[in-house]
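**Student:** Below is one structure. I have some questions about it.
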Amino acid sequence: MSLNILSSNLQRLRHAQGMSQDKLALAAGISRIAYLNIERSQSEPRTETVRALAKALHVRVPELLVEAPVLKRVRFRSLKRLKRREQVLVEVGQKLRDFSELETLLNASDRKDFNELRAVAARAREQGVPAVAAAMRNHFGLREHEPVHDICGLLERQGVKVLSVNIATDAFLGLSVSEDDGGPAVIVNTWERLPVEHWIFSAAHELAHLLLHLQAYQVDEELEDKDQERDADVFASHFLMPEAVFRREWDDTVGLPLFDRVLKVKRVFRVSWRTVLFRISEGMSDPNQRKGLWIHFANAYKKVNSKVLLKMDEPQGVSADAYRDLSDLHKAGPEPAGMDRHDFQGDRLWRLVRIATMGGVITLARGAEILGIKLNEMRDLAESWAN
């Protein structure tokens, strides 16, 4: 084994999990001195020690022994700095590496010229971001009045890899990777406390960045650009809710209270209530009117549910100020009429794993590793395929 690779992986994973050297040594059942010698590449550990370290870090043994992929052409922004940023980048790099390896083994690469999509976007750009969304819907073969029923499948058919990570924060909803680093790929934070509607919106949001902001794909850039975020929000809103049918659905509910109107329309388009409010507020030139819209909805929610509409991880509730900034679209809160995780599921990677395992190209253990599931779950999955 390469001691330098092991050392680098131990340091990265230990820092990502906030573990001291003493704590990791204790969890692995070795002395602090023994651990220091391993992390400093001064001694080669026994196989059982490597297994113990992997178990203490909650990772598979290969993650300690294989050099971590380095992504450079990635757009990874967040509302605040993430302690796990480096580890997330490594996880994404590993997922993309596994995906590409599987494509090669099966001779099943689905590469398309993504610059063709960018050219479509560029031609429509002068007419505004909503026109880009309309042009992209048309290019994807979506009818004018057709909601996006399966955004994962839609993107995968265009050669975009769709993957997920599970990060316990609402400050980071997704990232994307350009073609130069194994993409184009959209990676969505599917943390269980984020509504599925946010997952769907994030996928469309990252598609916008891939189309409009290729110059921003630099891994060293960490903080969000407000103009680019606004572009991506507008694109995602119009991509998921085409203007003509949105206006029709919204006008059809004109006799209902605002709260009921929003919930009815959000169900049609499989979006968050925040996306609907964002779209309505687009046509309001008066900032006080926009502010009042969000506050009115929050008050209506409280009246209907006898509780305050909460912001993620703030059980004391959200102040009215939280509804005054349209960037609130990115602040996850409870979804009054929610969807579940089956409404956001990529298919292509799972399909390739099935072909590879049933054809004997890879083992069940390798299939489990690629899909990120336990071996017993993989065995159950393979049995369901056989049946």
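Identifiers for the structure tokens are assigned positionally: chains receive A, B, ... in sequence, residues are indexed from 1 per chain, and ligands are indexed from 1 in the order shown.
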Do you know which residues are at most 7 Å from A:Val186 counting only C-alpha atoms, after dropping those on the same chain fewer than 6 positions away, and could you put them as a list in words?
**Tutor:** Val160, Lys161, Val162, Leu163, Leu175, Ser176, Val177, Ala203 and Glu206 of chain A
**Student:** Those same residues, written as a PDB file, in the first residue's frame with C-alpha atoms?
**Tutor:**
ATOM      1  CA  VAL A 160     -26.127  14.478 -17.808  1.00  0.00           C
ATOM      2  CA  LYS A 161     -25.172  12.248 -14.894  1.00  0.00           C
ATOM      3  CA  VAL A 162     -27.497  12.738 -11.902  1.00  0.00           C
ATOM      4  CA  LEU A 163     -26.085  11.756  -8.512  1.00  0.00           C
ATOM      5  CA  LEU A 175     -23.369  21.298  -7.198  1.00  0.00           C
ATOM      6  CA  SER A 176     -22.447  20.531 -10.793  1.00  0.00           C
ATOM      7  CA  VAL A 177     -19.373  19.278 -12.640  1.00  0.00           C
ATOM      8  CA  ALA A 203     -31.393  19.733 -10.273  1.00  0.00           C
ATOM      9  CA  GLU A 206     -27.661  23.242 -11.521  1.00  0.00           C
TER      10      GLU A 206
END
**Student:** Please provide as a short mmCIF file (atom, residue, chain, number, x, y, z; two decimals) with C-alpha atoms, in the first residue's frame all residues within 7 Å of A:Ser41, with the sequence filter that same-chain residues fewer than 3 positions apart are discarded (counting only C-alpha atoms).
**Tutor:**
data_model
loop_
_atom_site.label_atom_id
_atom_site.label_comp_id
_atom_site.auth_asym_id
_atom_site.auth_seq_id
_atom_site.Cartn_x
_atom_site.Cartn_y
_atom_site.Cartn_z
CA LEU A 3 1.71 5.16 2.86
CA ASN A 4 1.37 8.68 1.44
CA SER A 7 -1.88 9.28 5.26
CA ASN A 37 3.27 7.04 12.85
CA ILE A 38 0.66 5.87 10.31
#
**Student:** Which residue is closest to A:Glu67? Choose from A:Gly292, A:Asp113, A:Ile5, A:Ala52 and count only C-alpha atoms.
**Tutor:**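 So, comparing all the options, the nearest one is A:Ile5.
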**Student:** For a test of reading the model, state the distance in Å between atom CA of A:Val245 and atom CA of A:Leu194, rounded to one decimal.
**Tutor:**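 These atoms are spaced 27.0 Å apart.
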**Student:** I'd like the contact shell of A:Arg354 - 12 Å cut-off, only C-alpha atoms, skipping same-chain residues fewer than 5 positions apart - returned as a list in words.
**Tutor:**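 These residues fall inside the cut-off: Leu102, Leu106, Asp347, Arg348, Leu349, Gly359, Gly360, Val361, Ile362, Thr363, Leu364, Arg366, Gly367, Ala368, Ile370, Leu371, Met378, Arg379, Leu381, Ala382, Glu383, Ser384, Trp385 and Ala386 of chain A.
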**Student:** Using only C-alpha atoms, which of A:Arg46, A:Ser202, A:Ala131, A:Ala168 sits nearest A:Leu82?
**Tutor:** A:Ala168
**Student:** When DSSP is applied to the backbone of this structure, which of stretch 78-127 of chain A are assigned helix (DSSP H, G or I)? Write them out as number ranges by chain.
**Tutor:** A: 85-106, 114-125
**Student:** Could you check the closest approach to A:His145 for each of A:Gly255, A:Val88, A:Ala216, A:Phe269 and tell me which residue wins, using only C-alpha atoms?
**Tutor:** A:Phe269
**Student:** Tell me which of A:Asn288, A:Gln228, A:Ser100, A:Thr275 sits closest to A:Leu352, counting only C-alpha atoms.
**Tutor:** A:Ser100
**Student:** Please run DSSP on the backbone and report, as a ChimeraX atom specification, all residues within stretch 97-280 of chain A that come out as strand (DSSP E or B).
**Tutor:** /A:161-165,174-177,185-189,223
**Student:** Have a look at atom CA of A:Gly174 and atom CA of A:Asn189 and let me know their distance in Å, one decimal.
**Tutor:**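 Atom CA of A:Asn189 lies at a distance of 5.3 Å from atom CA of A:Gly174.
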**Student:** Compile the contact shell of A:Glu222 as a PyMOL selection string: residues with an atom at most 7 Å away, counting only C-alpha atoms, same-chain residues fewer than 2 positions apart removed.
**Tutor:** chain A and resi 76-78+220+224
**Student:** Just write the chosen residues, C-alpha atoms, as a compact mmCIF listing (two decimals), in the first residue's frame.
**Tutor:**
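Done, and the output landed in selection29.txt:
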# COMPACT_ATOMS: atom_id res chain seq x y z
CA PHE A 76 -19.63 24.18 -5.64
CA ARG A 77 -21.12 27.20 -3.89
CA SER A 78 -22.99 27.44 -0.60
CA ASP A 220 -11.52 27.39 -5.58
CA GLU A 224 -22.39 32.23 -4.14
**Student:** Choose the residue, out of A:Ala300, A:Ala236, A:Ala133, A:Leu105, that has the smallest atom-to-atom separation from A:Ile355; count only C-alpha atoms.
**Tutor:**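 Among A:Ala300, A:Ala236, A:Ala133, A:Leu105, it is A:Leu105 that comes nearest to A:Ile355.
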**Student:** For A:Leu64, please output as a ChimeraX atom specification all residues within 9 Å (counting only C-alpha atoms; exclusion window: fewer than 6 positions along the same chain).
**Tutor:** /A:5-10,13,50,53-54
